[in-house]
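To keep things clear, I will list the structure first and then write my remarks on it.
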Amino acid sequence: MAKPKLTTLSLCVALLFGAAACGPSLVLEDVDYSQPIESVIAPDDNLEVHDQRYAVKFNIGPIIEEEGVPAEEVRLIRNRAGYYFLTASGFNNVYVFESAESELKLETKIEIGELSQPAFNLRDGNIELVDLGTGETYTLTHEGLR
Amino acid sequence: MTSTISTLAALLFVASTTVVAQQSDHQVQQDFRADYQELVQKVDEASSSDEVASLVDEISELEAEYSGYADLLDQALYPDTFEQRIGDLQSRLSVTQDNIAVIEDLNERIAELEAEIEELRSQLSEMDEDSDALRERMERSAANERRLSGLVSQYRESLENRDAFVSELLDDLMRRYEAMDAETQSEIAEAAESLEDDPLALLETIISEYINLADRDAGLEAADFLRMRAQHGYFDTIWDKIGERMASAYAPDRPVQAEQEITDLLSAWEASVNNKLWGALSSAFNQNGIELPEFTSDDTFNNALNAFVDDAIAVAQEQNEEADYELYRSFSDYWNNTVKAQWGEHLIAGNVLSQSDIAAIDVKLGDWGQHAAPTSNLMFILFLISLAVIIGLIVLLVTKKN
């Protein structure tokens, strides 16, 4: 009695593994999403920014509302892990977004203080924030200031 | 002192590291794009070899300035690369350099052409001044026949020199423009816009002066006007061959009108010569006892010669008098020694008479000589003597037999 049960169980486990092997579980690792140079984009009248080179388009209305200052240009860069870093002149924060299906989800809001002339650089896979107005430099990760 | 220097060095180091830290990659690529674009514009607008030489340095400076950012720029300029952009600049500069070389070559040719025309104008002007001075001296010396004759010879010589000079110029134009290819023609047309003086204007000046010379008269004779006709004929022939090409090259905006202007001037020149030529020829024949019927053109001159000789032959056939033979000898001498020997070349070159017209008169002159020669009675007398001798011998034989 116990033998058929064991056989049935073994067959079930084998089927489970087989089904898992045939399903969409293929993972490509070590993907480098890094954007070598930041994109500097002017929002349109509807506060939409469209980075044609890296093919991403979104509305910055919620961020403008959050910062309480208008943005003539926003600066956008992506780190190796694929997080988007966004800021603009006059902003106090750098917004880090994670991309999801049809949305950018805020991962971290890094408070810096008022940025006069911010610029992002990609340095060794990390994001460097430079305020050209003050000469301050910061190294950022998707978790915050490093 | 040492500590001050150390402090300054430290400050300098901090300052330089701050500058490095403040760099924005985006700004670097923006600066490169702006510098590149500025250089592209400079290269496209360069118009001299000096500018090209300076741009070679500027491109090298741009390359040196940004070569440290080559990787960054390769990514920013994708699908182009930093190296490609520098190469593109150098290629553009090379094309500009070639274009400038063509333009400078063209400018050089324009300068040469202008200098050449200036030189020709100056020589012609000098010749015209000499001729004018001689003509004025002739007018002042009208009372002194011997002196006048000498001046006329000098004047004639100066005109002949001018003709020779113009003929040489025409030969030169012929060499240059008869076989001119389309490329050269378009190059000249491009250059012609910058020319202050051009060969068409020079030709117009030359023809206008020829018209003045013919209109002035100034003691010239039939031979001089025939030489003018010959010169006109040569000019006309050359213009027929190169006129269209020259007009297209030097007056690209109005080639037909430019060609027609010179053709019209040539016609005016011929008319001015003809105004004097027919009267001078008629006088020359008259002075040698040959009264030709009136003529006012090439054809009527030929008709007059033929009519004169035909009439003379008819009269000689009918009368066969000594006077006819004298007229024949007089005409024959003048025809052979003056008309053919001295004027023949100019008559043909000037299209006044053709070779066959002259040959036809020669044939008629032969007939005239035969008919005009006085007939001899010697044969008739010999016949009578022979007849008398024969009759005498017959009578003598008959008498002896009896």
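Order determines the names: the first chain of the structure tokens is A, the second B, and so forth; residues in each chain are numbered 1 upward, and ligands are numbered 1 upward as they are shown.
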
field: Selection: 8 Å around segment 135-145 of chain A, only C-alpha atoms, excl. self and same-chain fewer than 2 positions, as a PyMOL selection string
entry: (chain A and resi 83+96+107-110+126-133) or (chain B and resi 18-19+21-22)

Just write the chosen residues, C-alpha atoms, as a PDB file, in the first residue's frame.
```
ATOM      1  CA  TYR A  83      16.547  52.817 -11.148  1.00  0.00           C
ATOM      2  CA  VAL A  96      14.614  57.562  -7.380  1.00  0.00           C
ATOM      3  CA  GLU A 107      11.780  54.005  -4.484  1.00  0.00           C
ATOM      4  CA  THR A 108      13.502  56.756  -2.524  1.00  0.00           C
ATOM      5  CA  LYS A 109      13.366  60.499  -2.190  1.00  0.00           C
ATOM      6  CA  ILE A 110      16.861  61.717  -1.379  1.00  0.00           C
ATOM      7  CA  ASN A 126      26.811  54.613  -9.400  1.00  0.00           C
ATOM      8  CA  ILE A 127      25.138  57.938  -9.877  1.00  0.00           C
ATOM      9  CA  GLU A 128      27.066  61.064  -9.062  1.00  0.00           C
ATOM     10  CA  LEU A 129      25.127  64.228  -8.403  1.00  0.00           C
ATOM     11  CA  VAL A 130      27.014  67.456  -8.947  1.00  0.00           C
ATOM     12  CA  ASP A 131      25.681  70.886  -8.126  1.00  0.00           C
ATOM     13  CA  LEU A 132      27.651  73.019 -10.521  1.00  0.00           C
ATOM     14  CA  GLY A 133      26.385  76.114  -8.711  1.00  0.00           C
TER      15      GLY A 133
ATOM     16  CA  THR B  18      36.911  70.787  -7.272  1.00  0.00           C
ATOM     17  CA  VAL B  19      36.875  71.749 -10.946  1.00  0.00           C
ATOM     18  CA  ALA B  21      34.506  67.163  -9.491  1.00  0.00           C
ATOM     19  CA  GLN B  22      32.209  69.801 -10.895  1.00  0.00           C
TER      20      GLN B  22
END
```

task: Would you kindly report the residues of chain B within 6 Å of chain A, using only C-alpha atoms, as number ranges by chain?
output: B: 22, 24-26

- request: Do a neighbour search on Trp368 of chain B at 7 Å with only C-alpha atoms, toss out local chain neighbours closer than 4 positions, and write the hits as a PyMOL selection string.
  value: chain B and resi 313+364+372

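Put simply, atom CA of Asp324 of chain B is 7.4 Å away from atom CA of Ala312 of chain B.
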
task: Just list the residues in segment 25-118 of chain A DSSP gives strand (DSSP E or B) on the backbone, as a ChimeraX atom specification.
output: /A:37,39-41,48-51,56-59,74-78,84-87,93-100,103-111,118

Emit the selected residues as a PDB file, in the first residue's frame, including C-alpha atoms.
```pdb
ATOM      1  CA  ILE A  37      24.989  60.375 -19.872  1.00  0.00           C
ATOM      2  CA  SER A  39      19.140  63.196 -20.317  1.00  0.00           C
ATOM      3  CA  VAL A  40      18.169  66.820 -19.958  1.00  0.00           C
ATOM      4  CA  ILE A  41      14.578  67.205 -21.060  1.00  0.00           C
ATOM      5  CA  GLU A  48       5.166  65.450 -19.962  1.00  0.00           C
ATOM      6  CA  VAL A  49       8.806  64.628 -20.538  1.00  0.00           C
ATOM      7  CA  HIS A  50       9.862  62.421 -23.408  1.00  0.00           C
ATOM      8  CA  ASP A  51      13.364  61.030 -23.608  1.00  0.00           C
ATOM      9  CA  VAL A  56      10.727  56.728 -21.940  1.00  0.00           C
ATOM     10  CA  LYS A  57       7.840  59.150 -21.515  1.00  0.00           C
ATOM     11  CA  PHE A  58       6.053  60.169 -18.319  1.00  0.00           C
ATOM     12  CA  ASN A  59       4.328  63.075 -16.597  1.00  0.00           C
ATOM     13  CA  VAL A  74      14.487  67.879 -15.686  1.00  0.00           C
ATOM     14  CA  ARG A  75      17.598  65.758 -15.468  1.00  0.00           C
ATOM     15  CA  LEU A  76      17.159  62.019 -15.719  1.00  0.00           C
ATOM     16  CA  ILE A  77      19.651  59.196 -15.492  1.00  0.00           C
ATOM     17  CA  ARG A  78      19.443  55.467 -14.889  1.00  0.00           C
ATOM     18  CA  TYR A  84      15.713  56.222 -12.572  1.00  0.00           C
ATOM     19  CA  PHE A  85      17.131  59.288 -10.798  1.00  0.00           C
ATOM     20  CA  LEU A  86      15.357  62.534 -11.449  1.00  0.00           C
ATOM     21  CA  THR A  87      15.891  66.091 -10.297  1.00  0.00           C
ATOM     22  CA  ASN A  93      15.355  66.274  -3.624  1.00  0.00           C
ATOM     23  CA  VAL A  94      16.480  63.615  -6.004  1.00  0.00           C
ATOM     24  CA  TYR A  95      13.682  61.175  -6.841  1.00  0.00           C
ATOM     25  CA  VAL A  96      14.614  57.562  -7.380  1.00  0.00           C
ATOM     26  CA  PHE A  97      12.062  55.494  -9.290  1.00  0.00           C
ATOM     27  CA  GLU A  98      11.785  51.870 -10.009  1.00  0.00           C
ATOM     28  CA  SER A  99      10.172  50.989 -13.318  1.00  0.00           C
ATOM     29  CA  ALA A 100       7.139  48.775 -13.265  1.00  0.00           C
ATOM     30  CA  GLU A 103       4.496  53.156 -14.090  1.00  0.00           C
ATOM     31  CA  LEU A 104       7.456  54.547 -12.244  1.00  0.00           C
ATOM     32  CA  LYS A 105       7.229  53.764  -8.590  1.00  0.00           C
ATOM     33  CA  LEU A 106       9.056  56.002  -6.124  1.00  0.00           C
ATOM     34  CA  GLU A 107      11.780  54.005  -4.484  1.00  0.00           C
ATOM     35  CA  THR A 108      13.502  56.756  -2.524  1.00  0.00           C
ATOM     36  CA  LYS A 109      13.366  60.499  -2.190  1.00  0.00           C
ATOM     37  CA  ILE A 110      16.861  61.717  -1.379  1.00  0.00           C
ATOM     38  CA  GLU A 111      16.876  65.069   0.321  1.00  0.00           C
ATOM     39  CA  PRO A 118      22.354  69.911 -10.645  1.00  0.00           C
TER      40      PRO A 118
END
```

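Taking atom CA of Ile112 of chain A and atom CA of Val28 of chain B as the two end points, the separation is 24.0 Å.
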
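Residues lying within 9 Å of Ala251 of chain B, counting only C-alpha atoms and ignoring same-chain neighbours fewer than 6 positions away, are Ala189, Ala192, Glu193, Leu200, Gln257, Ala258 and Glu259 of chain B.
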
Selection above as a file: all heavy atoms, as an mmCIF file, in the first residue's frame:
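Output file selection-v5.cif is given in full below:
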```
data_model
loop_
_atom_site.group_PDB
_atom_site.id
_atom_site.type_symbol
_atom_site.label_atom_id
_atom_site.label_comp_id
_atom_site.auth_asym_id
_atom_site.auth_seq_id
_atom_site.Cartn_x
_atom_site.Cartn_y
_atom_site.Cartn_z
ATOM 1 N N ALA B 189 33.280 81.376 -67.371
ATOM 2 C CA ALA B 189 32.004 82.067 -67.134
ATOM 3 C C ALA B 189 31.869 82.443 -65.657
ATOM 4 O O ALA B 189 31.383 83.518 -65.317
ATOM 5 C CB ALA B 189 30.847 81.169 -67.561
ATOM 6 N N ALA B 192 34.241 85.248 -65.124
ATOM 7 C CA ALA B 192 33.896 86.461 -65.894
ATOM 8 C C ALA B 192 33.090 87.448 -65.057
ATOM 9 O O ALA B 192 33.187 88.660 -65.261
ATOM 10 C CB ALA B 192 33.114 86.069 -67.140
ATOM 11 N N GLU B 193 32.332 86.888 -64.077
ATOM 12 C CA GLU B 193 31.517 87.781 -63.238
ATOM 13 C C GLU B 193 32.400 88.749 -62.451
ATOM 14 O O GLU B 193 31.983 89.845 -62.118
ATOM 15 C CB GLU B 193 30.668 86.947 -62.275
ATOM 16 C CG GLU B 193 29.562 86.209 -62.996
ATOM 17 C CD GLU B 193 28.906 85.168 -62.112
ATOM 18 O OE1 GLU B 193 29.111 85.202 -60.895
ATOM 19 O OE2 GLU B 193 28.199 84.304 -62.671
ATOM 20 N N LEU B 200 35.942 90.481 -74.675
ATOM 21 C CA LEU B 200 34.876 90.961 -75.569
ATOM 22 C C LEU B 200 34.927 92.483 -75.656
ATOM 23 O O LEU B 200 34.818 93.062 -76.745
ATOM 24 C CB LEU B 200 33.501 90.528 -75.043
ATOM 25 C CG LEU B 200 33.210 89.034 -75.054
ATOM 26 C CD1 LEU B 200 31.844 88.768 -74.450
ATOM 27 C CD2 LEU B 200 33.264 88.473 -76.457
ATOM 28 N N GLN B 257 23.251 88.246 -77.252
ATOM 29 C CA GLN B 257 23.365 89.695 -77.471
ATOM 30 C C GLN B 257 24.826 90.109 -77.590
ATOM 31 O O GLN B 257 25.176 90.913 -78.456
ATOM 32 C CB GLN B 257 22.729 90.489 -76.320
ATOM 33 C CG GLN B 257 21.247 90.301 -76.188
ATOM 34 C CD GLN B 257 20.917 89.217 -75.176
ATOM 35 O OE1 GLN B 257 21.482 88.129 -75.193
ATOM 36 N NE2 GLN B 257 19.990 89.499 -74.296
ATOM 37 N N ALA B 258 25.669 89.530 -76.723
ATOM 38 C CA ALA B 258 27.095 89.906 -76.738
ATOM 39 C C ALA B 258 27.723 89.543 -78.076
ATOM 40 O O ALA B 258 28.493 90.323 -78.650
ATOM 41 C CB ALA B 258 27.818 89.204 -75.600
ATOM 42 N N GLU B 259 27.375 88.358 -78.587
ATOM 43 C CA GLU B 259 27.927 87.936 -79.876
ATOM 44 C C GLU B 259 27.424 88.868 -80.979
ATOM 45 O O GLU B 259 28.171 89.292 -81.861
ATOM 46 C CB GLU B 259 27.524 86.484 -80.158
ATOM 47 C CG GLU B 259 28.238 85.912 -81.372
ATOM 48 C CD GLU B 259 27.768 84.520 -81.737
ATOM 49 O OE1 GLU B 259 26.923 83.966 -81.022
ATOM 50 O OE2 GLU B 259 28.230 84.010 -82.767
#
```

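Picture a line from atom CA of Ser122 of chain B to atom CA of Glu139 of chain B; it runs 25.6 Å.
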
Spatial neighbours of Pro293 of chain B, 12 Å, only C-alpha atoms, chain gap at least 3 places, as a count of residues only: 20
